[in-house]
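Engineer: My structure is below; once you've seen it, I'll send some questions.
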Amino acid sequence: MQRIKHFSLILVATCLAIGPLQAAEEKHDDSQANARGPNGGLLLQQGDATVELLIFEKGVPPQYRAWVTKDGRVVTDDIDLDVKLTRLGGQVDTFDFAYQGDYWLGDGVVTEPHSFDVEVTLTMDGKRYRWQWESHEGRTRIAPDIAQQAGIATAEAGPGTIERSLTTYGSLTMAPQQIARVRARFPGVATQVNVSLGDRVNRGDVLARVESNESLQTYALRAPIDGIVIDRRISNGEMTGEQPLFAIADLTTLWAELKVFPGQRSKVAVGQKVRLRAEGIDQKSTIRHLLPAPGNAPYTLARVEVDNADGTLTPGLLVAGDIVVETVDAPLVVDNRALQSFRDWTVVFIRVDDTYEIRPLELGRSDGTLTEVLGGLRAGDRYVVENSYLIKADIEKSGASHDH
Amino acid sequence: MINAILRLSVERRFLILSLILVLVGVGVWSFQRLPIDAVPDITNVQVQINTEAPGYSPLEAEQRITFPVETALYGLPNLSYTRSLSRYGLSQVTVVFEEGTDIYFARNLINERLGAIKSALPSGLEPEMGPIATGLGEIFMYTVEAVPGATRADGGPLNATALREIQDWIIKPQLAQVPGVIEINTVGGYDKQYHVTPYPKKLLQHGVTLDQLADALRANNANRGAGYIERNGQQLLVRSPGQLATIGDIEQVVIANRDSVPVKVADVADVAIGKELRTGAATRDGEETVLGTAMMLIGENSRAVARAVAEKLEAIQPSLPDGVKVEAVYDRTTLVDKAIATVQKNLLEGALLVIVVLFLLLGNLRAALITAAVIPLSMLATITGMVQAGVSANLMSLGALDFGLIVDGAVIIVENCTRRLSQAQHQGQLALKERLQLVFEATNEVIRPSLFGVAIITVVYLPIFSLTGVEGRMFHPMAATVVMALLSAMVLSLTVVPAAVAVFLRGKVNEKESPVISGAKSLYRPALLVAMKFRWLVLGGATALVAVCLWLATTLGSEFIPQLDEGDIALHALRIPGTGLEQAIEMQAQLEETLKDFPEVEKVFAKIGTPEVATDPMPPSVADNFVILKPRDQWPDPDKTKDELVTEMEKAVTQLPGNKYEFTQPIEMRFNELISGVRADLGIKVFGDDLDQLLASANDVLEVVESMEGAADARVEQVSGLPMLSVRPKRMALSRYGLTVAGLQGLVAAGVGGENAGLIYEGDRRFQLVVRLPEDIRRDVDSLANLPVPLPDGGYVPLSEVAELELAPAPNQISRENGKRRVVVTANVRNRDLGGFVEEAQSRIADNVDLPAGYWLDYGGTFEQLQSASQRLAIVVPVTLAIILALLVMAFGSLKDALIIFTGVPLALTGGVLSLWLRDMPLSISASVGFIALSGVAVLNGLVMIAFIRDLWHEQGDLRKAIVEGALIRLRPVLMTALVASLGFVPMALNTGTGAEVQRPLATVVIGGIISSTLLTLFVLPVLYYLLHGKDEKVQ
């Protein structure tokens, strides 16, 4: 007997020594996860009525489905089930339910984000049941002073003009009609040459006089166009031959031949505005022609007239041309800085008081600064433009979950 | 043998005493070499292999670098496991070796293997081993800053690049020479680079390509030696200098000739000092800064090295350009000094208390001094042992030293000698020979129980040695130090103590029964008689007490390892993966300003991302913040606890958008980074090849775990979420234009990432010359699509024509363990027993999760360590108890007596539990160590008591009388050992200085336990003995 007693004492000692090593377990109150029904929906219970409410989104746009039971028996008719969703900013969506064979189906699509205050009312056998809860996602609160300190700035969503452009490169050339080569009509000897290289001439100016070999008459060679003498192949006393004696070019207008590659071709059309940039120029013009490139090159040339009245540009200069391929007056645009990726969506964050929430957007066309919004945002919504990344970081930091 | 030693000690007493001088000499010499730190080093034996791979994405880093490196390490001797991390621009493989492996040996082995795979790695990439340092290595940090308004000598601004240049070329080379410093790591600022930024349009116009530009720079930037010539007997060296030195030089480099006109760099590009594509940054008080960290070589004395670094930094300051100041922001010396002050105070006060008690109870100053002399002597011997065993002095190793326990043996001997000597002197003065004989006899009488006691206390520390891992590294030094101290005290009480008694206790030995003792005796006698009368009541009461305390013990909270308060705060600021460095710096500014607003805060600084040497590879989305607090007396409310402050800070900073925080402390943070195991209760690792499949399987596992009862904080490690811009070559289109994939990739890499085109030298300093597209083109994804790709026949094609630009999320890092990709699912367990949870998880996952072939699971986490520690202790503790029991049985030749003594253990533990409960402390390993020490003391007390009673009983034959008389005679030694042991710990239990929280639980347990154990030894033990031997007496 005594031995057993001693033995138990030893055991006690052993346990005490080991005790502290048994895990650093803290006491922790686990908040009970919301009860789930057999269909995976949220289980609402009150008295004898049970409603299981699910947002079903597999293969269909998100819709409400509900299963209603009374005292454990499935109810398929004679009830009035309503779901009212109040979203940030005060928008309210209401759903009525109709029985669909297996479940009660809500009318309408539950649009993203699934972030709202939910109110469910059920009228069954003359009794009213009511449930209310908050179901928020992609939402955060930031105190105004802290938001200001962090440099978070908002803007109002509204209409805007989107100018989409395409950068192309090409070189300046002269058009064929702007260069004139002058030959001697009858071979002879040049008796007088009036112009030299670089001289500016007007149409009709005498370039040279030639004494014809046959008639021995002297006749004048005149400039066919206004321009600059860019080539002179004859001097006093020389025989003219078959070759051109002068070339006169009109450099007051040049042509930029911009290369448009196949991937860009479909967007480019004659008449589009182009902004040309190069050393010394920054001017606007329009596409006059689209030509296939010479020699089976895979691109198209977009010819753009360039004004060179002051003569600073020379053929062969490389220019960049931003072709404005599309100008849209969109009813609703957002600043590109506001756009952030969030899960599979592109979103902006709207601000209502000090609460911020995602708005998944359906986007249209975009240029370097603005993007057209097709859906997901209302005109007049205030959305975060500057430091929108902070809002994304704040929402995602706690591991935002997509739960309903 | 003991006889012989004792006789030798008494007879050759002067020789023995002179040996003390040797001991003192060796001890003092050792003390100079004792590594001193605040906490024990809990880093495992590990080597980091870092490979910097500029521009490599996680996937490429893994495939090209991590995999070959890991493969090369297979089969290393003593290898425990490898883990790796592949991130943007970095591959890090951490090799963990078995405990006890020599780090230099390990590094040699790795070096050899790395040499063999050099050719398998992409050219230009060099795997490097991390510094030979541990978690305690980051001992000193400083910032390099510009005084407001200061400019460079040439008038330029003192910006982040200029400061970084000063750090790299003036400060670092000098600091790196301080003995004991293994590495100066830099983070922040920009490595100065010369940037040549060509404009695509100009390149097109002049018909030159990026490659040609880079080639031209390479071909025009070298000095060449050309031997020598002799002229008229004199030797002339020939040299052709052609290095580029200034921006002007670079601009004049000719790339090509077009129509006999040279195309110069300046024609197509801008040249300027540019910013590197950095992976890390540093901030201080909201501003960008340059932060240097001195890392200490493994095993050095952190206090000495930190001090040397600080002195050197002072010496460097005058050599810096005007307007630049370096400032220490973190200095380990502060913490170590505080911790040492705490330990010193504890030990000194403890020793003084012990001496006072000895004097009061022995009533003889000389005897008290002899006993007290054991304290410094055994301390010196212990220090010598620590140096030899490579144990550093710190809060833990010195934290369990109780001089009371150490002098126990000596107390018993001196007490007995004094008693015998004074008794003998009643018959007149003793002759020398008689005296010596008496000392020998008196010592011999008690030496065995006292040696026994020491042996037992030593044995009870054995279970601590069976701890492994972090706990082992934490507590082994403590156990080793205590055992060394006890053993040296044991040797001293065998030799020096009797010798000293023989030398110094001559003349009239004054042994007054001190009033304390006589008072105690007059109280004790009637009390004991009453107890023996109501023996069942006493026993019942004791049993009830044990039961109550047992229940009480389960209600105490528990913590695994005590936390040393380092006095400063560190916090991780975590942002979502994919956050850019510049964005992080902006967010950091707001965070630091908020923290700085606290009146208790002296300065705040942070490291963001990965430093130059990737000792701690963080992504740019993570920042390590250090919050250095002012001394307490400068706080508005000096009584505010650190916990309160942390709570307030947490409240303030959680309001800032976009950050998540983890509060910790600087050293603790470093340890966590290095050990870096799964820190949750349960970690389920999914191993396999395909990242998507891994993630899918991990999510399946997560679903199972989440559905289980008791699961909390279940989550899958975040592996994806880094947005990546992929430039996918269109092969058909490429071939149509006569381009190659490599050519295209080269262009994109050079354009966006930059291409290294050589070095620019400025004296010793060398800076990279980089060709890279201008910032506005690099940054804009749209204009990147229009980037002209030069064609072989001249002409160009836009990038979007030959490649697809696609923005999609990609893995932000790839973790591997033992050469296989892994994704970890972690969960904590609440309100449920861990073992059962793990078992259920295993079976449910096996049933519900379908893993494809080539994928497998591994279960780990804290539960593993807990389980193994519990299992090991479940064996070792009973074995230890059995050993003690066996020792007792050997001593008494009776199991019954041994068991009676043993009852002292649970009785002693009651006091420990009660005192913990009273002080509202949790059960921790520290406290457990206290319980272990307590068991030893309890057994020692019982041993002394029972041995005497039994001897008396055998002499006199009257059990009852023997018990009362024996108990009364042993009252003094029992009280003395108990008092010295508990008083020795009193300063430790009450101290509130830095590091006291580590020692406090232990001291509390021992004090409480000894009080209860003494009371119970004095009453319960005699009663129990009487009860159990009552029958035997009747038989007699």
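Here's how to read the names in the structure tokens: chain A, B, ... by the order shown, residue numbers from 1 in each chain, ligand numbers from 1 in the order shown.
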Run DSSP on the backbone and grab whatever in stretch 839-870 of chain B lands in strand (DSSP E or B); send it over as a ChimeraX atom specification.
Structural biologist: /B:856-860
Engineer: Could you name the residues that touch B:Ser783 at 10 Å or less, counting only C-alpha atoms, but leaving out those on the same chain fewer than 5 positions away, as JSON, numbers by chain?
Structural biologist: {"A": [166, 167, 368], "B": [776, 777, 778, 788, 798, 799, 800]}
Engineer: Include N, CA and C atoms and write out the residues we just selected as an mmCIF file, in the first residue's frame.
Structural biologist:
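So part39.cif came out as:
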data_model
loop_
_atom_site.group_PDB
_atom_site.id
_atom_site.type_symbol
_atom_site.label_atom_id
_atom_site.label_comp_id
_atom_site.auth_asym_id
_atom_site.auth_seq_id
_atom_site.Cartn_x
_atom_site.Cartn_y
_atom_site.Cartn_z
ATOM 1 N N LEU A 166 -0.232 55.672 -81.771
ATOM 2 C CA LEU A 166 0.663 54.584 -82.123
ATOM 3 C C LEU A 166 1.979 55.245 -82.502
ATOM 4 N N THR A 167 3.078 54.780 -81.916
ATOM 5 C CA THR A 167 4.360 55.385 -82.272
ATOM 6 C C THR A 167 4.994 54.634 -83.434
ATOM 7 N N GLY A 368 -2.590 56.835 -72.885
ATOM 8 C CA GLY A 368 -1.556 56.915 -71.867
ATOM 9 C C GLY A 368 -2.036 57.446 -70.522
ATOM 10 N N ASP B 776 12.274 57.126 -68.698
ATOM 11 C CA ASP B 776 10.879 57.296 -69.117
ATOM 12 C C ASP B 776 10.454 56.191 -70.082
ATOM 13 N N ILE B 777 11.397 55.658 -70.841
ATOM 14 C CA ILE B 777 11.030 54.576 -71.755
ATOM 15 C C ILE B 777 10.955 53.247 -71.003
ATOM 16 N N ARG B 778 11.916 53.031 -70.081
ATOM 17 C CA ARG B 778 11.927 51.783 -69.323
ATOM 18 C C ARG B 778 10.638 51.629 -68.529
ATOM 19 N N PRO B 788 11.995 50.039 -80.817
ATOM 20 C CA PRO B 788 12.441 49.523 -82.109
ATOM 21 C C PRO B 788 13.517 48.456 -81.943
ATOM 22 N N PRO B 798 9.085 47.211 -84.565
ATOM 23 C CA PRO B 798 8.737 47.455 -83.163
ATOM 24 C C PRO B 798 8.670 46.140 -82.376
ATOM 25 N N LEU B 799 8.968 46.254 -81.100
ATOM 26 C CA LEU B 799 9.041 45.063 -80.251
ATOM 27 C C LEU B 799 7.733 44.280 -80.280
ATOM 28 N N SER B 800 6.616 45.005 -80.271
ATOM 29 C CA SER B 800 5.334 44.299 -80.214
ATOM 30 C C SER B 800 5.099 43.458 -81.465
#
Engineer: Any idea what's packed within 12 Å of B:Ser18, counting only C-alpha atoms, ignoring anything in its chain fewer than 3 positions away? Could you give it as a PDB file with N, CA and C atoms, in the first residue's frame?
Structural biologist:
ATOM      1  N   SER B   9      44.687  16.710   2.357  1.00  0.00           N
ATOM      2  CA  SER B   9      44.304  18.120   2.428  1.00  0.00           C
ATOM      3  C   SER B   9      44.604  18.686   3.803  1.00  0.00           C
ATOM      4  N   ARG B  12      48.778  18.338   4.315  1.00  0.00           N
ATOM      5  CA  ARG B  12      49.521  19.263   3.433  1.00  0.00           C
ATOM      6  C   ARG B  12      48.691  20.531   3.217  1.00  0.00           C
ATOM      7  N   ARG B  13      48.170  21.061   4.321  1.00  0.00           N
ATOM      8  CA  ARG B  13      47.207  22.143   4.207  1.00  0.00           C
ATOM      9  C   ARG B  13      47.770  23.384   3.525  1.00  0.00           C
ATOM     10  N   PHE B  14      49.047  23.685   3.805  1.00  0.00           N
ATOM     11  CA  PHE B  14      49.599  24.905   3.206  1.00  0.00           C
ATOM     12  C   PHE B  14      49.796  24.755   1.703  1.00  0.00           C
ATOM     13  N   LEU B  15      50.203  23.527   1.309  1.00  0.00           N
ATOM     14  CA  LEU B  15      50.353  23.272  -0.134  1.00  0.00           C
ATOM     15  C   LEU B  15      49.015  23.486  -0.842  1.00  0.00           C
ATOM     16  N   LEU B  21      46.256  29.960  -5.280  1.00  0.00           N
ATOM     17  CA  LEU B  21      46.828  31.022  -6.100  1.00  0.00           C
ATOM     18  C   LEU B  21      46.825  30.623  -7.574  1.00  0.00           C
ATOM     19  N   VAL B  22      47.182  29.343  -7.821  1.00  0.00           N
ATOM     20  CA  VAL B  22      47.177  28.856  -9.203  1.00  0.00           C
ATOM     21  C   VAL B  22      45.770  28.984  -9.787  1.00  0.00           C
ATOM     22  N   LEU B  23      44.811  28.524  -8.983  1.00  0.00           N
ATOM     23  CA  LEU B  23      43.424  28.574  -9.441  1.00  0.00           C
ATOM     24  C   LEU B  23      43.021  30.014  -9.756  1.00  0.00           C
ATOM     25  N   VAL B  24      43.390  30.917  -8.857  1.00  0.00           N
ATOM     26  CA  VAL B  24      43.029  32.319  -9.077  1.00  0.00           C
ATOM     27  C   VAL B  24      43.681  32.828 -10.357  1.00  0.00           C
ATOM     28  N   GLY B  25      44.964  32.477 -10.524  1.00  0.00           N
ATOM     29  CA  GLY B  25      45.675  32.926 -11.724  1.00  0.00           C
ATOM     30  C   GLY B  25      44.995  32.448 -12.986  1.00  0.00           C
ATOM     31  N   THR B 495      38.969  19.642  -0.592  1.00  0.00           N
ATOM     32  CA  THR B 495      40.382  19.973  -0.432  1.00  0.00           C
ATOM     33  C   THR B 495      40.593  21.281   0.335  1.00  0.00           C
ATOM     34  N   VAL B 496      40.201  22.359  -0.284  1.00  0.00           N
ATOM     35  CA  VAL B 496      40.521  23.664   0.282  1.00  0.00           C
ATOM     36  C   VAL B 496      39.807  23.897   1.610  1.00  0.00           C
ATOM     37  N   ALA B 499      41.390  22.086   4.490  1.00  0.00           N
ATOM     38  CA  ALA B 499      42.712  22.667   4.702  1.00  0.00           C
ATOM     39  C   ALA B 499      42.589  24.015   5.391  1.00  0.00           C
ATOM     40  N   ALA B 500      41.653  24.823   4.910  1.00  0.00           N
ATOM     41  CA  ALA B 500      41.479  26.146   5.481  1.00  0.00           C
ATOM     42  C   ALA B 500      40.986  26.059   6.919  1.00  0.00           C
TER      43      ALA B 500
END
Engineer: Atom CA of B:Tyr461 to atom CA of B:Ala389: how many Å, to one decimal?
Structural biologist: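 Separating atom CA of B:Tyr461 from atom CA of B:Ala389 is a distance of 17.0 Å.
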Engineer: Per DSSP on the backbone, filter stretch 672-896 of chain B down to the residues in helix (DSSP H, G or I) and report them as a PyMOL selection string.
Structural biologist: chain B and resi 672-675+691-706+731-736+741-753+775-779+781-785+799-802+834-848+862-892+895-896
Engineer: At what distance in Å, to one decimal, does atom CA of A:Ala293 lie from atom CA of A:Val325?
Structural biologist: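 Atom CA of A:Val325 sits 20.3 Å away from atom CA of A:Ala293.
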Engineer: Quick one: residues within 6 Å of stretch 76-91 of chain B, only C-alpha atoms counted, chain neighbours fewer than 6 positions away excluded, as a PyMOL selection string?
Structural biologist: chain B and resi 50-58+61-62+66+97-98+813-818
